[in-house]
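Reproduced below: entry.tsv, with TSV, C-alpha atoms.
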```tsv
chain	number	residue	atom	x	y	z
J	1	MET	CA	19.92	31.35	-7.14
J	2	GLU	CA	23.00	30.13	-8.98
J	3	ASN	CA	22.36	27.21	-11.33
J	4	ASN	CA	25.11	24.66	-10.65
J	5	THR	CA	24.09	21.79	-12.91
J	6	PHE	CA	24.87	18.26	-11.78
J	7	PRO	CA	25.51	15.69	-14.58
J	8	ILE	CA	23.29	12.62	-14.49
J	9	HIS	CA	23.80	9.85	-17.05
J	10	VAL	CA	20.88	7.60	-17.98
J	11	CYS	CA	20.70	4.76	-20.48
J	12	PHE	CA	17.84	3.00	-22.30
J	13	SER	CA	18.03	0.21	-24.86
J	14	SER	CA	15.38	-0.27	-27.52
J	15	ASP	CA	14.56	-1.70	-30.92
J	16	GLN	CA	11.94	-0.26	-33.28
J	17	ARG	CA	9.11	-2.34	-31.78
J	18	TYR	CA	9.44	-0.61	-28.42
J	19	THR	CA	10.09	2.91	-29.68
J	20	ASN	CA	6.70	4.32	-28.66
J	21	ILE	CA	7.04	2.67	-25.26
J	22	LEU	CA	10.48	4.25	-24.91
J	23	ILE	CA	8.98	7.66	-25.67
J	24	VAL	CA	6.51	7.27	-22.79
J	25	ALA	CA	9.34	6.34	-20.39
J	26	LEU	CA	11.32	9.36	-21.59
J	27	GLN	CA	8.33	11.65	-21.11
J	28	SER	CA	7.88	10.44	-17.55
J	29	LEU	CA	11.57	11.06	-16.85
J	30	ILE	CA	11.39	14.55	-18.35
J	31	ASN	CA	8.28	15.34	-16.28
J	32	HIS	CA	10.30	14.85	-13.09
J	33	THR	CA	13.61	16.54	-13.79
J	34	SER	CA	15.17	19.40	-11.88
J	35	GLU	CA	16.36	22.60	-13.53
J	36	PHE	CA	19.46	22.40	-11.34
J	37	ASN	CA	20.72	19.18	-12.93
J	38	LYS	CA	22.01	18.29	-16.37
J	39	TYR	CA	20.59	15.02	-17.71
J	40	TYR	CA	22.38	13.05	-20.41
J	41	ILE	CA	20.13	10.36	-21.84
J	42	HIS	CA	21.85	7.72	-23.95
J	43	ILE	CA	19.72	5.38	-26.06
J	44	LEU	CA	21.23	2.15	-27.38
J	45	SER	CA	19.41	1.66	-30.66
J	46	ASP	CA	18.74	-1.60	-32.44
J	47	GLY	CA	17.31	-0.25	-35.68
J	48	ILE	CA	15.19	2.67	-34.48
J	49	GLU	CA	13.84	4.33	-37.60
J	50	LYS	CA	15.07	7.77	-38.68
J	51	GLN	CA	11.79	9.62	-38.10
J	52	TYR	CA	11.56	8.24	-34.59
J	53	LYS	CA	15.13	9.27	-33.87
J	54	SER	CA	14.23	12.85	-34.78
J	55	LEU	CA	11.13	12.71	-32.60
J	56	ILE	CA	13.09	11.33	-29.62
J	57	CYS	CA	15.98	13.79	-29.89
J	58	GLY	CA	13.42	16.59	-30.18
J	59	MET	CA	12.26	15.80	-26.66
J	60	GLY	CA	15.49	17.25	-25.30
J	61	THR	CA	15.47	20.56	-23.43
J	62	GLU	CA	18.00	23.08	-22.19
J	63	ASN	CA	19.15	20.71	-19.44
J	64	ILE	CA	18.27	17.37	-21.11
J	65	THR	CA	20.51	16.04	-23.87
J	66	ILE	CA	19.38	12.91	-25.74
J	67	ASN	CA	21.95	10.88	-27.65
J	68	ILE	CA	21.14	7.84	-29.82
J	69	ILE	CA	23.84	5.22	-30.36
J	70	GLU	CA	23.50	2.57	-33.07
J	71	MET	CA	24.64	-0.82	-31.79
J	72	ASP	CA	25.27	-2.54	-35.12
J	73	ILE	CA	28.91	-3.30	-34.35
J	74	TYR	CA	27.90	-5.22	-31.22
J	75	LYS	CA	25.24	-7.43	-32.81
J	76	GLU	CA	27.78	-10.00	-33.96
J	77	LYS	CA	29.01	-10.45	-30.39
J	78	ILE	CA	25.58	-11.33	-29.05
J	79	LYS	CA	23.92	-13.03	-32.03
J	80	ASN	CA	24.16	-16.48	-30.41
J	81	ILE	CA	22.86	-15.45	-26.98
J	82	PHE	CA	19.62	-17.11	-25.87
J	83	VAL	CA	16.53	-14.91	-25.73
J	84	ASP	CA	12.83	-15.78	-25.72
J	85	ARG	CA	9.33	-14.64	-24.72
J	86	HIS	CA	8.68	-10.90	-25.02
J	87	LEU	CA	12.34	-9.91	-24.64
J	88	SER	CA	14.59	-8.43	-27.30
J	89	ILE	CA	18.27	-9.12	-27.86
J	90	ALA	CA	18.73	-5.39	-27.18
J	91	THR	CA	18.55	-6.12	-23.44
J	92	TYR	CA	22.11	-7.51	-23.64
J	93	TYR	CA	23.55	-4.26	-24.96
J	94	ARG	CA	24.02	-3.08	-21.37
J	95	PHE	CA	26.97	-5.48	-21.07
J	96	PHE	CA	28.91	-3.05	-23.25
J	97	LEU	CA	28.25	0.10	-21.21
J	98	PRO	CA	31.79	0.32	-19.71
J	99	GLU	CA	33.25	0.20	-23.22
J	100	LEU	CA	30.70	2.60	-24.73
J	101	PHE	CA	31.13	5.25	-22.03
J	102	LYS	CA	34.83	5.19	-21.16
J	103	ASP	CA	34.73	8.66	-19.61
J	104	ILE	CA	31.68	7.98	-17.42
J	105	ASN	CA	32.02	6.25	-14.05
J	106	LYS	CA	28.35	5.76	-13.23
J	107	ILE	CA	25.19	5.30	-15.27
J	108	LEU	CA	21.55	4.52	-14.51
J	109	TYR	CA	20.15	1.83	-16.79
J	110	LEU	CA	16.36	1.80	-17.27
J	111	ASP	CA	14.06	-0.62	-19.10
J	112	THR	CA	11.52	0.99	-21.42
J	113	ASP	CA	8.43	-0.55	-19.77
J	114	ILE	CA	8.52	1.84	-16.83
J	115	LEU	CA	6.89	5.00	-15.53
J	116	ILE	CA	9.13	7.43	-13.63
J	117	MET	CA	7.38	9.36	-10.87
J	118	ASP	CA	10.30	11.06	-9.10
J	119	ASP	CA	13.54	12.84	-9.92
J	120	ILE	CA	16.11	10.16	-10.78
J	121	GLU	CA	18.78	12.35	-9.17
J	122	LYS	CA	17.80	10.64	-5.91
J	123	ILE	CA	18.75	7.17	-7.13
J	124	TYR	CA	21.73	8.39	-9.14
J	125	ASN	CA	23.29	9.89	-6.02
J	126	VAL	CA	23.42	6.52	-4.22
J	127	ASP	CA	27.04	5.71	-3.33
J	128	ILE	CA	28.09	2.50	-5.10
J	129	SER	CA	31.82	3.21	-5.20
J	130	GLU	CA	32.56	-0.23	-3.68
J	131	LYS	CA	29.87	-2.11	-5.63
J	132	TYR	CA	29.34	-3.21	-9.22
J	133	MET	CA	25.74	-2.12	-9.29
J	134	ALA	CA	22.64	-1.33	-7.24
J	135	GLY	CA	19.14	-2.70	-7.79
J	136	CYS	CA	15.88	-3.71	-6.11
J	137	ASN	CA	15.14	-7.15	-4.75
J	138	ASP	CA	12.99	-9.31	-7.02
J	139	ILE	CA	10.15	-10.51	-4.77
J	140	ALA	CA	8.68	-12.86	-7.38
J	141	PHE	CA	11.98	-14.69	-7.88
J	142	ASN	CA	12.11	-15.71	-4.22
J	143	THR	CA	8.39	-16.04	-3.51
J	144	LEU	CA	6.65	-17.73	-6.43
J	145	HIS	CA	7.14	-21.26	-7.70
J	146	PHE	CA	6.62	-21.01	-11.44
J	147	GLU	CA	8.66	-23.29	-13.66
J	148	ASP	CA	10.93	-20.53	-14.97
J	149	PHE	CA	11.82	-19.44	-11.44
J	150	GLN	CA	12.58	-23.01	-10.42
J	151	ASN	CA	14.75	-23.57	-13.51
J	152	ALA	CA	16.67	-20.38	-12.78
J	153	HIS	CA	17.21	-21.40	-9.15
J	154	VAL	CA	18.67	-24.76	-10.21
J	155	LEU	CA	20.95	-23.37	-12.94
J	156	LEU	CA	22.27	-20.47	-10.87
J	157	LYS	CA	23.02	-22.73	-7.91
J	158	LYS	CA	24.87	-25.12	-10.23
J	159	LEU	CA	27.01	-22.21	-11.45
J	160	GLY	CA	27.90	-21.04	-7.94
J	161	TYR	CA	25.17	-18.57	-7.06
J	162	ILE	CA	25.00	-18.59	-3.26
J	163	ASP	CA	22.21	-16.43	-1.80
J	164	ARG	CA	19.16	-16.13	-4.03
J	165	LYS	CA	17.45	-13.83	-1.50
J	166	LYS	CA	19.79	-11.11	-2.76
J	167	TYR	CA	18.62	-11.54	-6.36
J	168	VAL	CA	17.66	-8.20	-7.93
J	169	ASN	CA	15.44	-7.29	-10.84
J	170	ALA	CA	17.42	-5.90	-13.76
J	171	GLY	CA	14.83	-3.40	-15.01
J	172	ILE	CA	16.37	-0.54	-13.04
J	173	LEU	CA	20.10	-0.78	-12.30
J	174	LEU	CA	22.71	1.76	-11.25
J	175	PHE	CA	26.05	0.64	-12.71
J	176	ASN	CA	29.54	1.43	-11.45
J	177	LEU	CA	31.23	1.58	-14.86
J	178	LYS	CA	34.67	2.27	-13.42
J	179	LYS	CA	34.68	-0.90	-11.34
J	180	MET	CA	33.31	-2.85	-14.29
J	181	ARG	CA	36.17	-1.60	-16.49
J	182	ASP	CA	38.79	-2.30	-13.83
J	183	THR	CA	37.67	-5.94	-13.54
J	184	ASN	CA	36.98	-6.66	-17.23
J	185	ALA	CA	33.36	-7.27	-16.29
J	186	SER	CA	31.95	-6.93	-19.81
J	187	LYS	CA	33.85	-9.98	-21.05
J	188	ARG	CA	32.89	-12.02	-17.99
J	189	LEU	CA	29.21	-11.15	-18.47
J	190	LEU	CA	29.29	-11.95	-22.18
J	191	ASP	CA	31.14	-15.24	-21.76
J	192	MET	CA	28.68	-16.39	-19.12
J	193	ALA	CA	25.64	-15.35	-21.19
J	194	LEU	CA	26.93	-17.40	-24.13
J	195	SER	CA	27.56	-20.48	-22.01
J	196	HIS	CA	23.98	-21.36	-20.97
J	197	LYS	CA	20.30	-20.70	-21.74
J	198	PHE	CA	19.42	-18.58	-18.73
J	199	PRO	CA	15.65	-18.49	-18.01
J	200	PHE	CA	15.84	-14.80	-17.08
J	201	HIS	CA	18.53	-13.93	-19.57
J	202	ASP	CA	20.88	-11.05	-18.76
J	203	GLN	CA	19.20	-10.60	-15.37
J	204	ASP	CA	20.41	-14.05	-14.28
J	205	VAL	CA	23.88	-13.33	-15.64
J	206	LEU	CA	24.22	-9.96	-13.88
J	207	ASN	CA	23.13	-11.45	-10.56
J	208	LEU	CA	25.51	-14.38	-10.93
J	209	ILE	CA	28.63	-12.45	-11.96
J	210	PHE	CA	28.09	-9.54	-9.55
J	211	GLN	CA	26.59	-11.49	-6.64
J	212	ASP	CA	29.18	-10.23	-4.14
J	213	GLY	CA	28.98	-6.63	-5.31
J	214	ILE	CA	25.30	-5.63	-5.47
J	215	GLN	CA	23.78	-2.93	-3.30
J	216	GLU	CA	20.07	-3.27	-2.60
J	217	LEU	CA	17.84	-0.26	-3.20
J	218	ASP	CA	14.49	0.60	-1.69
J	219	GLU	CA	11.66	-1.10	-3.55
J	220	ARG	CA	10.19	2.29	-4.44
J	221	TRP	CA	12.78	2.51	-7.26
J	222	ASN	CA	11.48	-0.62	-8.99
J	223	PHE	CA	7.86	-1.22	-8.04
J	224	ILE	CA	6.91	-4.25	-10.14
J	225	THR	CA	3.32	-4.84	-11.32
J	226	HIS	CA	3.73	-7.88	-13.59
J	227	LEU	CA	1.76	-10.21	-11.30
J	228	SER	CA	-1.37	-9.69	-9.27
J	229	PRO	CA	-0.61	-8.94	-5.60
J	230	GLU	CA	-3.04	-11.77	-4.72
J	231	MET	CA	-0.43	-14.27	-5.90
J	232	TYR	CA	1.82	-13.35	-2.98
J	233	SER	CA	1.56	-14.03	0.75
J	234	ASN	CA	-0.69	-11.83	2.90
J	235	THR	CA	2.37	-10.07	4.30
J	236	VAL	CA	3.72	-9.21	0.85
J	237	GLN	CA	0.26	-8.17	-0.36
J	238	LYS	CA	-0.14	-5.78	2.55
J	239	SER	CA	3.24	-4.23	1.83
J	240	LEU	CA	2.43	-3.78	-1.87
J	241	TYR	CA	-0.99	-2.22	-1.27
J	242	ASN	CA	0.39	0.06	1.44
J	243	ARG	CA	2.99	1.33	-1.01
J	244	ILE	CA	0.34	1.95	-3.64
J	245	SER	CA	-2.06	3.69	-1.26
J	246	SER	CA	0.69	5.93	0.09
J	247	ASN	CA	1.98	6.61	-3.44
J	248	SER	CA	5.40	5.45	-2.30
J	249	MET	CA	6.57	4.53	-5.81
J	250	SER	CA	9.36	6.39	-7.56
J	251	ILE	CA	9.53	4.10	-10.62
J	252	ILE	CA	6.71	1.75	-11.63
J	253	HIS	CA	7.98	-1.21	-13.65
J	254	TYR	CA	5.46	-3.05	-15.84
J	255	ALA	CA	7.59	-6.21	-16.02
J	256	GLY	CA	6.51	-9.48	-17.62
J	257	ALA	CA	4.40	-10.14	-20.69
J	258	ARG	CA	1.36	-8.18	-19.48
J	259	LYS	CA	1.69	-4.47	-20.24
J	260	PRO	CA	-0.66	-1.50	-19.84
J	261	TRP	CA	-0.68	-0.98	-23.60
J	262	ASN	CA	-2.00	-4.50	-24.25
J	263	ASP	CA	-4.04	-5.01	-21.08
J	264	PHE	CA	-6.26	-2.08	-20.10
J	265	SER	CA	-6.96	-3.66	-16.70
J	266	MET	CA	-3.26	-3.70	-15.74
J	267	LEU	CA	-2.52	-2.66	-12.16
J	268	LEU	CA	-1.52	1.04	-12.18
J	269	GLY	CA	-1.95	1.06	-15.94
J	270	GLY	CA	-4.04	4.23	-15.81
J	271	LEU	CA	-1.01	6.20	-14.66
J	272	TRP	CA	0.97	4.94	-17.65
J	273	TRP	CA	-1.81	5.87	-20.09
J	274	LYS	CA	-2.05	9.37	-18.66
J	275	THR	CA	1.61	9.94	-19.54
J	276	ALA	CA	1.33	8.13	-22.89
J	277	LEU	CA	-1.51	10.35	-24.05
J	278	ASN	CA	0.49	13.45	-23.12
J	279	SER	CA	3.66	12.36	-24.88
J	280	PRO	CA	4.89	12.78	-28.49
J	281	ALA	CA	3.64	9.22	-29.07
J	282	SER	CA	0.04	10.12	-28.17
J	283	ALA	CA	-1.23	9.82	-31.75
J	284	TYR	CA	0.02	6.23	-31.91
J	285	PHE	CA	-1.66	5.25	-28.66
J	286	ILE	CA	-4.93	6.99	-29.52
J	287	LYS	CA	-4.97	4.90	-32.70
J	288	GLU	CA	-4.29	1.78	-30.61
J	289	ILE	CA	-7.23	2.59	-28.33
J	290	MET	CA	-9.56	3.22	-31.27
J	291	THR	CA	-8.47	-0.06	-32.90
J	292	ALA	CA	-9.10	-1.94	-29.66
J	293	GLN	CA	-12.52	-0.33	-29.25
J	294	ALA	CA	-13.43	-1.14	-32.85
J	295	ALA	CA	-12.37	-4.76	-32.35
J	296	GLN	CA	-14.44	-4.95	-29.17
J	297	TYR	CA	-17.48	-3.45	-30.94
J	298	TYR	CA	-17.09	-5.85	-33.87
J	299	SER	CA	-16.79	-8.77	-31.45
J	300	LYS	CA	-20.01	-7.70	-29.72
J	301	GLN	CA	-21.81	-7.46	-33.07
J	302	ILE	CA	-20.66	-10.95	-34.06
J	303	SER	CA	-21.70	-12.24	-30.66
J	304	LEU	CA	-25.15	-10.69	-31.07
J	305	LYS	CA	-25.62	-12.29	-34.50
J	306	LEU	CA	-24.64	-15.67	-33.09
J	307	LYS	CA	-27.13	-15.31	-30.25
J	308	ILE	CA	-29.92	-14.42	-32.69
J	309	LYS	CA	-29.14	-17.46	-34.86
J	310	ARG	CA	-28.96	-19.72	-31.85
J	311	GLU	CA	-32.37	-18.60	-30.58
J	312	PHE	CA	-33.84	-18.93	-34.07
J	313	TYR	CA	-32.67	-22.54	-34.41
J	314	ARG	CA	-33.85	-23.34	-30.89
J	315	ALA	CA	-37.31	-21.97	-31.65
J	316	MET	CA	-37.52	-23.84	-35.00
J	317	ARG	CA	-36.45	-27.08	-33.34
J	318	ASN	CA	-39.26	-26.73	-30.82
J	319	ILE	CA	-42.01	-26.19	-33.40
J	320	THR	CA	-40.97	-28.70	-36.08
J	321	PHE	CA	-41.02	-32.50	-36.29
J	322	GLY	CA	-39.15	-35.40	-37.89
J	323	LYS	CA	-36.31	-34.68	-40.30
J	324	LEU	CA	-36.84	-30.93	-40.10
J	325	ARG	CA	-36.49	-31.00	-36.32
J	326	ASN	CA	-33.28	-33.06	-36.66
J	327	PHE	CA	-31.97	-30.48	-39.16
J	328	TYR	CA	-32.53	-27.55	-36.77
J	329	ASN	CA	-31.21	-29.57	-33.85
J	330	LYS	CA	-27.91	-30.15	-35.69
J	331	LYS	CA	-27.70	-26.44	-36.50
J	332	LEU	CA	-28.36	-25.53	-32.87
J	333	LYS	CA	-25.60	-27.78	-31.58
J	334	LYS	CA	-23.03	-25.83	-33.61
J	335	TYR	CA	-23.96	-22.65	-31.76
J	336	GLU	CA	-24.14	-24.25	-28.33
J	337	ASN	CA	-20.61	-25.71	-28.41
```
Could you quickly redo this structure as structure tokens?
Amino acid sequence: MENNTFPIHVCFSSDQRYTNILIVALQSLINHTSEFNKYYIHILSDGIEKQYKSLICGMGTENITINIIEMDIYKEKIKNIFVDRHLSIATYYRFFLPELFKDINKILYLDTDILIMDDIEKIYNVDISEKYMAGCNDIAFNTLHFEDFQNAHVLLKKLGYIDRKKYVNAGILLFNLKKMRDTNASKRLLDMALSHKFPFHDQDVLNLIFQDGIQELDERWNFITHLSPEMYSNTVQKSLYNRISSNSMSIIHYAGARKPWNDFSMLLGGLWWKTALNSPASAYFIKEIMTAQAAQYYSKQISLKLKIKREFYRAMRNITFGKLRNFYNKKLKKYEN
């Protein structure tokens, strides 16, 4: 069979803190590639260390080319943009994609906190020739009533955002770079990002600026696990659990502050760990597990010592009298609080 390779362009953005997480995402992508496609993976680097760059580029294969781009020259442009919580300023680098890749008309942008379980050719082939981008609807944004969501609703409405039910999560986005270049979209995105403190950062900005040009994708391409399904309505819960039970998930997105690498009980976290421990970053994660286990063991030992002391003081209080009983009673109260 003739091998007619099809070029697929993918982009990640990462700083040094997330490098090992990036490696896991890359491994999951590589695990689901086709020999009949050519994959070009572009990584926007915010200070990734040299040894990690070598490790990442070494993950390339005959049909997977990995290119790392230092973003130093763009830092000045975004230094005053608001960012908080677990996010990095590197998330805003995607605004510069049309300028960075002038000869590319389409690119798939992926967050690092994901697990790819299908060939991304299927999402890359979606026709967005008349749209700015394609993404998956953000159920939490329209369903839950946390303060950040409410603040985003108010600000976006004030700035002219019309239909929040069309709001998409920015963790997985297919960009039409040609249309973005033709409409000077990068400048419009940057100017808007600098104008306000958006609760959901570049995600709010992308939805606001491109609100009339977003194509919705099937939820399977951005299955979000950042909140427990029990926080949603019964209808939404049923849909989520049906998708999990039928394994109808092409990309799992561990959005939010809770991540499988810092919460071992994370929904679908076991799938992420399976890939992590079979990636070039496995040594790092094995060390993390051992550290966590050691901390848990130490905590149990401390807890046991406290229990022994507490029972000792309780026993002494019960068999002594007067000042001595008061002494042991005071000691006991410290361990009962």
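Residues within 8 Å of range 274-277 of chain J, counting all atoms listed in the file and excluding same-chain residues fewer than 2 positions away, are J:Val24, J:Gln27, J:Ser28, J:Gly270, J:Leu271, J:Trp272, J:Ser279, J:Ala281, J:Ser282, J:Ala283, J:Phe285, J:Ile286.
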Name the residues, using the chain letters and numbers of the file, that sit within 8 Å of (27.9, -15.7, -14.4) when counting all atoms listed in the file, and give them as JSON, numbers by chain.
{"J": [159, 188, 189, 192, 193, 204, 205, 206, 207, 208, 209, 210]}
Filtering to C-alpha atoms, could you give me those residues as a PDB file, keeping the file's coordinate frame?
```pdb
ATOM      1  CA  LEU J 159      27.010 -22.210 -11.450  1.00  0.00           C
ATOM      2  CA  ARG J 188      32.890 -12.020 -17.990  1.00  0.00           C
ATOM      3  CA  LEU J 189      29.210 -11.150 -18.470  1.00  0.00           C
ATOM      4  CA  MET J 192      28.680 -16.390 -19.120  1.00  0.00           C
ATOM      5  CA  ALA J 193      25.640 -15.350 -21.190  1.00  0.00           C
ATOM      6  CA  ASP J 204      20.410 -14.050 -14.280  1.00  0.00           C
ATOM      7  CA  VAL J 205      23.880 -13.330 -15.640  1.00  0.00           C
ATOM      8  CA  LEU J 206      24.220  -9.960 -13.880  1.00  0.00           C
ATOM      9  CA  ASN J 207      23.130 -11.450 -10.560  1.00  0.00           C
ATOM     10  CA  LEU J 208      25.510 -14.380 -10.930  1.00  0.00           C
ATOM     11  CA  ILE J 209      28.630 -12.450 -11.960  1.00  0.00           C
ATOM     12  CA  PHE J 210      28.090  -9.540  -9.550  1.00  0.00           C
TER      13      PHE J 210
END
```
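Nearest-residue note for Asn326 in chain J: choosing from J:Lys259, J:Met71, J:Arg314, J:Leu108, the minimum distance belongs to J:Arg314, counting only C-alpha atoms.
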Go through J:His32, J:Lys238, J:Lys157, J:His9 and flag the residue nearest Asp118 in chain J, using only C-alpha atoms for the distances.
J:His32
Hey, can you check how far CA of Ala255 in chain J sits from CA of Gly171 in chain J?
7.8 Å
From J:Arg243, J:Lys331, J:Met249, J:Gln215, residue lying nearest Met117 in chain J [only C-alpha atoms]
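Once distances to Met117 in chain J are computed over only C-alpha atoms, the minimum belongs to J:Met249.
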For the point (16.3, 3.5, -30.2) in the file's frame, write as an MDAnalysis selection string all residues with an atom no more than 10 Å away, counting all atoms listed in the file.
chainID J and resid 12:20 22:23 42:50 52:53 56 67:71 90
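Considering all atoms listed in the file, the residue among J:Asp119, J:Asp72, J:Asp111, J:Asp84 positioned nearest to Ile30 in chain J is J:Asp119.
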Mind pulling up the distance from CA of Arg220 in chain J to CA of Ile244 in chain J?
9.9 Å
Coordinates of box centre and edge lengths for range 103-116 of chain J, 4 Å on every side, axis-aligned, as lines of an AutoDock Vina configuration file:
```
center_x = 20.8
center_y = 4.0
center_z = -17.3
size_x = 35.8
size_y = 17.3
size_z = 16.2
```
Write out as a ChimeraX atom specification which residues come within 8 Å of Ile116 in chain J when counting all atoms listed in the file, dropping same-chain ones fewer than 5 positions away.
/J:25,28-29,32,250-252
My list of candidates is J:Asn176, J:Tyr241, J:Glu130, J:Asn63. Which is closest to Phe36 in chain J when distances are computed with all atoms listed in the file?
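For Phe36 in chain J, the nearest of the given residues is J:Asn63.
Of note, CA of Phe95 in chain J and CA of Ser129 in chain J are spaced 18.7 Å apart.
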Min atom-atom distance to Asn137 in chain J from the set J:Arg164, J:His253, J:Lys330, J:Lys158, counting only C-alpha atoms, belongs to J:Arg164
Could you give me, as a PyMOL selection string, the residues within 9 Å of range 216-218 of chain J, counting all atoms listed in the file and dropping anything in the same chain fewer than 2 positions from it?
chain J and resi 123+126+133-137+166+168+214+220-222
